[in-house]
>>> print(open('target29.cif').read())   # mmCIF, C-alpha atoms
data_work
loop_
_atom_site.label_atom_id
_atom_site.label_comp_id
_atom_site.auth_asym_id
_atom_site.auth_seq_id
_atom_site.Cartn_x
_atom_site.Cartn_y
_atom_site.Cartn_z
CA MET A 1 121.11 113.94 99.59
CA ARG A 2 121.29 112.15 96.23
CA GLY A 3 119.48 108.90 96.96
CA LYS A 4 122.56 106.79 96.26
CA VAL A 5 122.09 103.22 97.47
CA LEU A 6 125.17 102.09 99.44
CA ALA A 7 123.84 98.66 100.39
CA GLU A 8 120.64 96.72 100.08
CA VAL A 9 119.25 93.80 102.07
CA ARG A 10 116.07 91.97 101.07
CA GLN A 11 114.12 89.51 103.17
CA ALA A 12 110.58 88.20 103.35
CA THR A 13 108.24 90.00 105.73
CA ARG A 14 106.80 87.70 108.38
CA ALA A 15 103.39 89.31 108.10
CA ASP A 16 101.73 86.55 110.10
CA ALA A 17 104.15 86.90 112.99
CA ALA A 18 103.84 89.15 116.02
CA PRO A 19 104.75 92.83 115.55
CA GLY A 20 107.89 92.34 117.63
CA ALA A 21 109.19 89.70 115.23
CA VAL A 22 108.72 92.00 112.23
CA LEU A 23 110.50 94.77 114.12
CA ASP A 24 113.38 92.46 115.00
CA ASP A 25 113.71 91.55 111.32
CA ALA A 26 113.89 95.23 110.39
CA VAL A 27 116.61 95.90 112.94
CA ARG A 28 118.64 92.94 111.69
CA ALA A 29 118.21 94.09 108.09
CA ILE A 30 119.53 97.54 108.98
CA ALA A 31 122.53 96.01 110.74
CA ALA A 32 123.20 93.77 107.74
CA ALA A 33 122.98 96.72 105.34
CA LEU A 34 125.46 98.70 107.44
CA ALA A 35 127.84 95.74 107.40
CA ASP A 36 127.53 95.36 103.62
CA ALA A 37 128.21 99.07 103.16
CA GLY A 38 131.22 98.89 105.47
CA ARG A 39 129.83 101.69 107.64
CA PRO A 40 129.72 101.76 111.45
CA ARG A 41 126.41 102.32 113.17
CA GLY A 42 127.79 105.50 114.66
CA GLU A 43 127.62 107.16 111.23
CA LEU A 44 123.82 106.86 111.19
CA ALA A 45 122.18 110.19 111.95
CA VAL A 46 118.55 109.19 111.42
CA VAL A 47 116.52 106.24 110.19
CA GLY A 48 113.66 106.45 107.72
CA LEU A 49 111.15 103.62 107.98
CA ALA A 50 108.25 102.70 105.75
CA ILE A 51 106.91 100.34 108.43
CA ALA A 52 105.23 100.86 111.78
CA GLY A 53 107.93 100.51 114.46
CA GLU A 54 111.48 101.28 115.69
CA ALA A 55 113.94 99.95 118.26
CA LEU A 56 117.29 101.43 117.29
CA GLY A 57 117.68 104.29 119.76
CA LEU A 58 117.92 106.79 116.89
CA PRO A 59 115.63 109.54 115.55
CA VAL A 60 113.09 108.04 113.15
CA ALA A 61 111.09 109.46 110.25
CA LEU A 62 108.08 107.17 109.81
CA GLU A 63 105.56 106.85 106.98
CA ASN A 64 103.33 104.15 105.54
CA ASP A 65 104.72 102.35 102.51
CA ALA A 66 102.35 103.82 99.90
CA ASN A 67 102.99 107.41 100.98
CA ALA A 68 106.70 106.68 101.18
CA GLY A 69 106.58 105.27 97.65
CA ALA A 70 104.97 108.48 96.41
CA LEU A 71 107.69 110.54 98.10
CA GLY A 72 110.41 108.31 96.68
CA GLU A 73 109.14 108.77 93.13
CA LEU A 74 108.75 112.51 93.68
CA ARG A 75 112.27 113.00 95.01
CA PHE A 76 114.22 110.44 93.00
CA GLY A 77 112.01 108.78 90.41
CA ALA A 78 109.28 109.09 87.82
CA ALA A 79 107.56 112.10 89.44
CA ARG A 80 110.57 114.41 89.63
CA GLY A 81 109.61 117.94 88.61
CA LEU A 82 105.86 117.29 88.85
CA GLN A 83 103.37 118.90 91.20
CA GLN A 84 100.16 116.84 90.95
CA VAL A 85 100.76 113.09 91.10
CA VAL A 86 98.98 109.93 92.13
CA TYR A 87 101.19 106.97 93.02
CA LEU A 88 99.59 103.53 93.14
CA THR A 89 101.31 100.42 94.41
CA VAL A 90 99.60 97.31 93.10
CA SER A 91 100.78 94.11 94.74
CA THR A 92 98.90 91.94 97.22
CA GLY A 93 96.42 94.80 97.46
CA ILE A 94 96.22 98.32 96.08
CA GLY A 95 97.54 101.33 97.97
CA GLY A 96 98.49 104.82 97.01
CA GLY A 97 99.86 108.21 97.83
CA ILE A 98 98.83 111.61 96.51
CA ILE A 99 101.10 114.55 95.77
CA ILE A 100 99.38 117.95 95.55
CA ASP A 101 101.37 121.10 94.76
CA GLY A 102 104.60 119.19 95.33
CA ARG A 103 103.59 118.03 98.80
CA LEU A 104 102.47 114.70 100.12
CA TYR A 105 98.75 114.94 100.87
CA ARG A 106 98.30 113.23 104.23
CA GLY A 107 94.57 113.92 104.47
CA GLY A 108 93.68 111.49 101.71
CA GLN A 109 93.36 108.24 103.67
CA ARG A 110 89.62 107.99 103.05
CA LEU A 111 90.10 108.82 99.39
CA ARG A 112 92.74 106.10 99.02
CA ARG A 113 90.45 103.55 100.65
CA GLY A 114 87.67 104.69 98.33
CA VAL A 115 89.85 104.06 95.29
CA ARG A 116 90.83 100.52 96.22
CA HIS A 117 87.30 99.64 97.20
CA MET A 118 85.36 101.33 94.40
CA VAL A 119 82.86 98.76 93.13
CA LEU A 120 83.33 97.99 89.44
CA ASP A 121 81.38 94.73 89.22
CA PRO A 122 78.56 94.21 91.77
CA ASP A 123 78.53 90.50 90.94
CA GLY A 124 82.30 90.18 91.07
CA PRO A 125 84.54 88.31 93.51
CA ALA A 126 84.37 88.93 97.24
CA CYS A 127 86.70 91.61 98.59
CA GLY A 128 88.36 91.72 102.00
CA CYS A 129 86.27 94.78 102.85
CA GLY A 130 83.10 92.65 102.76
CA ASN A 131 81.80 93.99 99.46
CA ARG A 132 81.98 92.38 96.02
CA GLY A 133 83.69 93.45 92.81
CA CYS A 134 85.99 96.12 94.28
CA LEU A 135 88.97 97.33 92.27
CA GLU A 136 91.32 95.50 94.64
CA ALA A 137 89.42 92.24 94.21
CA LEU A 138 89.54 92.56 90.42
CA ALA A 139 92.89 94.10 89.52
CA SER A 140 95.47 93.52 92.27
CA GLY A 141 98.30 91.02 92.05
CA SER A 142 96.32 88.79 94.40
CA ALA A 143 93.31 88.96 92.08
CA ILE A 144 95.40 87.93 89.07
CA ALA A 145 96.97 85.09 91.06
CA ARG A 146 93.54 83.92 92.27
CA GLU A 147 92.19 83.79 88.71
CA GLY A 148 95.31 81.91 87.62
CA ARG A 149 94.92 79.33 90.37
CA ASP A 150 91.26 78.84 89.50
CA ALA A 151 92.06 78.40 85.80
CA ALA A 152 94.74 75.85 86.65
CA ALA A 153 92.35 73.94 88.91
CA ARG A 154 89.69 73.84 86.18
CA GLY A 155 92.20 72.59 83.62
CA GLU A 156 91.56 75.57 81.36
CA SER A 157 95.20 76.61 81.01
CA PRO A 158 97.86 74.01 80.22
CA ALA A 159 100.66 76.45 81.02
CA LEU A 160 99.22 77.41 84.39
CA ALA A 161 98.52 73.77 85.18
CA ARG A 162 102.19 72.96 84.55
CA LEU A 163 103.32 75.85 86.72
CA ALA A 164 100.93 74.73 89.45
CA LEU A 165 102.52 71.30 89.43
CA SER A 166 105.98 72.86 89.55
CA VAL A 167 105.52 75.42 92.33
CA GLY A 168 102.30 74.26 93.96
CA ARG A 169 98.88 75.60 92.98
CA ASP A 170 98.58 77.73 96.11
CA GLU A 171 101.93 79.35 95.29
CA LEU A 172 100.96 80.62 91.85
CA THR A 173 101.51 84.38 91.63
CA ALA A 174 100.64 87.17 89.24
CA GLU A 175 104.16 86.83 87.81
CA HIS A 176 103.45 83.18 86.99
CA VAL A 177 100.27 84.18 85.19
CA ALA A 178 102.20 86.80 83.24
CA GLU A 179 104.88 84.24 82.43
CA ALA A 180 102.24 81.88 81.01
CA ALA A 181 100.69 84.75 79.06
CA ALA A 182 104.05 85.72 77.58
CA GLY A 183 104.50 82.09 76.51
CA GLY A 184 101.33 82.25 74.45
CA ASP A 185 98.75 80.82 76.85
CA ALA A 186 95.46 82.45 75.81
CA VAL A 187 93.70 81.89 79.14
CA ALA A 188 96.54 83.47 81.11
CA ALA A 189 96.65 86.38 78.66
CA GLY A 190 92.92 86.86 79.12
CA ILE A 191 93.30 86.96 82.90
CA VAL A 192 95.92 89.71 82.69
CA THR A 193 93.99 91.70 80.10
CA ARG A 194 90.73 91.51 82.04
CA ALA A 195 92.39 92.66 85.28
CA ALA A 196 94.10 95.46 83.36
CA GLY A 197 90.77 96.59 81.95
CA PHE A 198 89.25 96.86 85.40
CA PHE A 199 92.34 98.68 86.62
CA GLY A 200 91.93 101.15 83.75
CA LEU A 201 88.37 101.87 84.90
CA GLY A 202 89.75 102.69 88.33
CA LEU A 203 92.38 104.94 86.78
CA ALA A 204 89.68 106.78 84.83
CA ALA A 205 87.84 107.55 88.06
CA ILE A 206 91.07 108.89 89.58
CA VAL A 207 91.73 111.04 86.53
CA ASN A 208 88.22 112.47 86.61
CA ALA A 209 88.36 113.18 90.35
CA LEU A 210 91.90 114.54 90.75
CA ASN A 211 93.12 115.63 87.29
CA PRO A 212 96.76 114.68 88.01
CA GLU A 213 99.72 115.34 85.75
CA ALA A 214 100.81 111.73 86.10
CA ILE A 215 99.75 108.44 87.63
CA ILE A 216 102.73 106.29 88.58
CA ILE A 217 102.27 102.55 88.96
CA GLY A 218 104.51 100.59 91.31
CA GLY A 219 104.39 97.23 92.99
CA VAL A 220 104.38 93.73 91.56
CA VAL A 221 101.88 94.46 88.79
CA SER A 222 104.08 97.19 87.33
CA ASN A 223 106.63 94.46 86.61
CA LEU A 224 104.16 92.91 84.16
CA GLY A 225 104.97 95.79 81.83
CA HIS A 226 102.99 96.71 78.74
CA ARG A 227 100.97 93.49 78.84
CA PHE A 228 99.15 94.98 81.85
CA LEU A 229 99.73 98.72 81.58
CA GLY A 230 98.86 98.87 77.86
CA PRO A 231 95.25 97.66 78.22
CA ALA A 232 94.93 99.61 81.47
CA GLU A 233 95.91 102.86 79.75
CA THR A 234 93.57 102.16 76.84
CA ALA A 235 90.64 101.65 79.20
CA MET A 236 91.60 104.74 81.20
CA ARG A 237 91.66 107.00 78.15
CA GLU A 238 88.43 105.56 76.77
CA ARG A 239 86.54 106.13 80.03
CA ALA A 240 88.04 109.30 81.49
CA LEU A 241 86.81 112.75 80.56
CA ALA A 242 88.63 114.08 77.51
CA LEU A 243 90.45 117.08 78.98
CA PRO A 244 91.97 115.43 82.07
CA ALA A 245 92.69 112.27 80.05
CA ASP A 246 94.67 114.29 77.53
CA ALA A 247 96.66 115.95 80.32
CA VAL A 248 97.68 112.87 82.30
CA SER A 249 100.55 110.48 81.64
CA LEU A 250 100.64 106.91 82.93
CA ARG A 251 104.12 105.86 84.05
CA SER A 252 105.76 102.82 85.55
CA SER A 253 107.70 103.34 88.76
CA ALA A 254 111.29 104.35 88.12
CA LEU A 255 112.39 103.00 91.51
CA GLY A 256 110.63 99.64 91.55
CA ASP A 257 110.91 97.82 94.85
CA ARG A 258 113.07 100.63 96.24
CA ALA A 259 110.37 103.30 96.00
CA ALA A 260 109.19 103.09 99.61
CA ALA A 261 112.72 102.72 101.00
CA LEU A 262 113.95 105.78 99.11
CA GLY A 263 110.80 107.62 100.13
CA ALA A 264 111.72 106.91 103.74
CA VAL A 265 115.13 108.43 102.98
CA ALA A 266 113.41 111.51 101.55
CA LEU A 267 111.46 111.93 104.77
CA VAL A 268 114.58 112.77 106.75
CA SER A 269 115.15 115.91 104.66
CA ALA A 270 111.57 117.17 104.62
CA SER A 271 109.87 117.46 107.98
CA SER A 272 107.03 119.42 106.37
CA GLY A 273 106.39 116.80 103.72
CA ARG A 274 107.86 118.97 100.95
CA VAL A 275 110.72 117.32 99.07
CA SER A 276 113.11 119.75 97.45
#
>>> encode(input="target29.cif", output="structure tokens")
Amino acid sequence: MRGKVLAEVRQATRADAAPGAVLDDAVRAIAAALADAGRPRGELAVVGLAIAGEALGLPVALENDANAGALGELRFGAARGLQQVVYLTVSTGIGGGIIIDGRLYRGGQRLRRGVRHMVLDPDGPACGCGNRGCLEALASGSAIAREGRDAAARGESPALARLALSVGRDELTAEHVAEAAAGGDAVAAGIVTRAAGFFGLGLAAIVNALNPEAIIIGGVVSNLGHRFLGPAETAMRERALALPADAVSLRSSALGDRAAALGAVALVSASSGRVS
């Protein structure tokens, strides 16, 4: 198994629809990918899914998307050859997977929730968990987008105001904020830098607690590049303990949006969770 992509189909997830609708979409996407690859369904031996469901009449290897992303990077991406890794996907929210001794650590659900909901600013914005100032509420793609929308509404950022008129204020995303920042908008740049600083504080806590060889960042925020990851790494190294900080590397995902999909592929070759 080499992780070669034969075909790829992308479509929006109807997250607000019933579970059956999401499952139907997944089945159609698989059928479309087979058609694009010119392969009959009969050649499929097993299906790896990074979602919760299946209706194909085939054996299925199932994992949540964050764990699958960690496996994908371990087998095919930025974590190849490493043993102790934390993978964080930073998009609408913040999720993650942990690799210990070359194996996916499936007992870390509470730890992962603790990371995303660690309180960094008690007076900060409300979080979906009911608390205030959690890492997810301060540094996720949704948090950056929220700050961008607020700045546009207050008239503080000409660039974001123009984008809001173009795409609709409620449709502003973290990528739009990064676009405005790259164009020289100081308010947008400040939003990205501030979120990155909070993210770096979260990374420092991870480094101190787990002492990983590498932390790999995936999801939408990783696409912001050095504008986000640079300040995040600076904050991480300033706040983490010296020895684990010196030992860890911060890396962008090598697989991008394919990390979870390729992690699902890796599952079919590793029933024990070990990817060789």
>>> residues_around(input="target29.cif", residues="range 226-241 of chain A", least_positions_apart="6", cutoff="8 Å", atoms="all atoms listed in the file", output="list in words")
Val192, Thr193, Ala195, Ala196, Gly197, Phe198, Phe199, Gly200, Leu201, Gly202, Leu203, Ala204, Ala205, Val207, Asn208 and Leu250 of chain A
>>> atom_distance(input="target29.cif", atom1="CA of Ile191 in chain A", atom2="CA of Ile94 in chain A")
17.6 Å
>>> resolve_selection(input="target29.cif", expression="the PyMOL selection byres ((chain A and resi 137-142) around 8)", output="list in words")
Val90, Ser91, Thr92, Gly93, Ile94, Gly124, Pro125, Ala126, Cys127, Gly128, Arg132, Gly133, Cys134, Leu135, Glu136, Ala143, Ile144, Ala145, Arg146, Thr173, Ala174, Ala195, Ala196, Phe198, Phe199, Val220 and Val221 of chain A
>>> write_last_selection(input="target29.cif", atoms="C-alpha atoms", output="compact mmCIF listing (two decimals), in the frame of the given file")
# COMPACT_ATOMS: atom_id res chain seq x y z
CA VAL A 90 99.60 97.31 93.10
CA SER A 91 100.78 94.11 94.74
CA THR A 92 98.90 91.94 97.22
CA GLY A 93 96.42 94.80 97.46
CA ILE A 94 96.22 98.32 96.08
CA GLY A 124 82.30 90.18 91.07
CA PRO A 125 84.54 88.31 93.51
CA ALA A 126 84.37 88.93 97.24
CA CYS A 127 86.70 91.61 98.59
CA GLY A 128 88.36 91.72 102.00
CA ARG A 132 81.98 92.38 96.02
CA GLY A 133 83.69 93.45 92.81
CA CYS A 134 85.99 96.12 94.28
CA LEU A 135 88.97 97.33 92.27
CA GLU A 136 91.32 95.50 94.64
CA ALA A 143 93.31 88.96 92.08
CA ILE A 144 95.40 87.93 89.07
CA ALA A 145 96.97 85.09 91.06
CA ARG A 146 93.54 83.92 92.27
CA THR A 173 101.51 84.38 91.63
CA ALA A 174 100.64 87.17 89.24
CA ALA A 195 92.39 92.66 85.28
CA ALA A 196 94.10 95.46 83.36
CA PHE A 198 89.25 96.86 85.40
CA PHE A 199 92.34 98.68 86.62
CA VAL A 220 104.38 93.73 91.56
CA VAL A 221 101.88 94.46 88.79
>>> resolve_selection(input="target29.cif", expression="the PyMOL selection byres ((chain A and resi 179) around 12)", output="PyMOL selection string")
chain A and resi 145+148+159-160+162-163+172-178+180-189+191-192+223-225+227
>>> resolve_selection(input="target29.cif", expression="the PyMOL selection byres ((chain A and resi 66-82) around 7)", output="list in words")
Gly3, Ala50, Glu63, Asn64, Asp65, Gln83, Gln84, Val85, Tyr87, Thr89, Gly95, Gly96, Gly97, Ile98, Gly102, Leu104, Ser253, Ala254, Leu255, Ala259, Ala260, Leu262, Gly263, Ala264, Ala266 and Val275 of chain A
>>> atom_distance(input="target29.cif", atom1="CA of Ile30 in chain A", atom2="CA of Gly219 in chain A")
22.0 Å
>>> atom_distance(input="target29.cif", atom1="CA of Val9 in chain A", atom2="CA of Pro40 in chain A")
16.2 Å
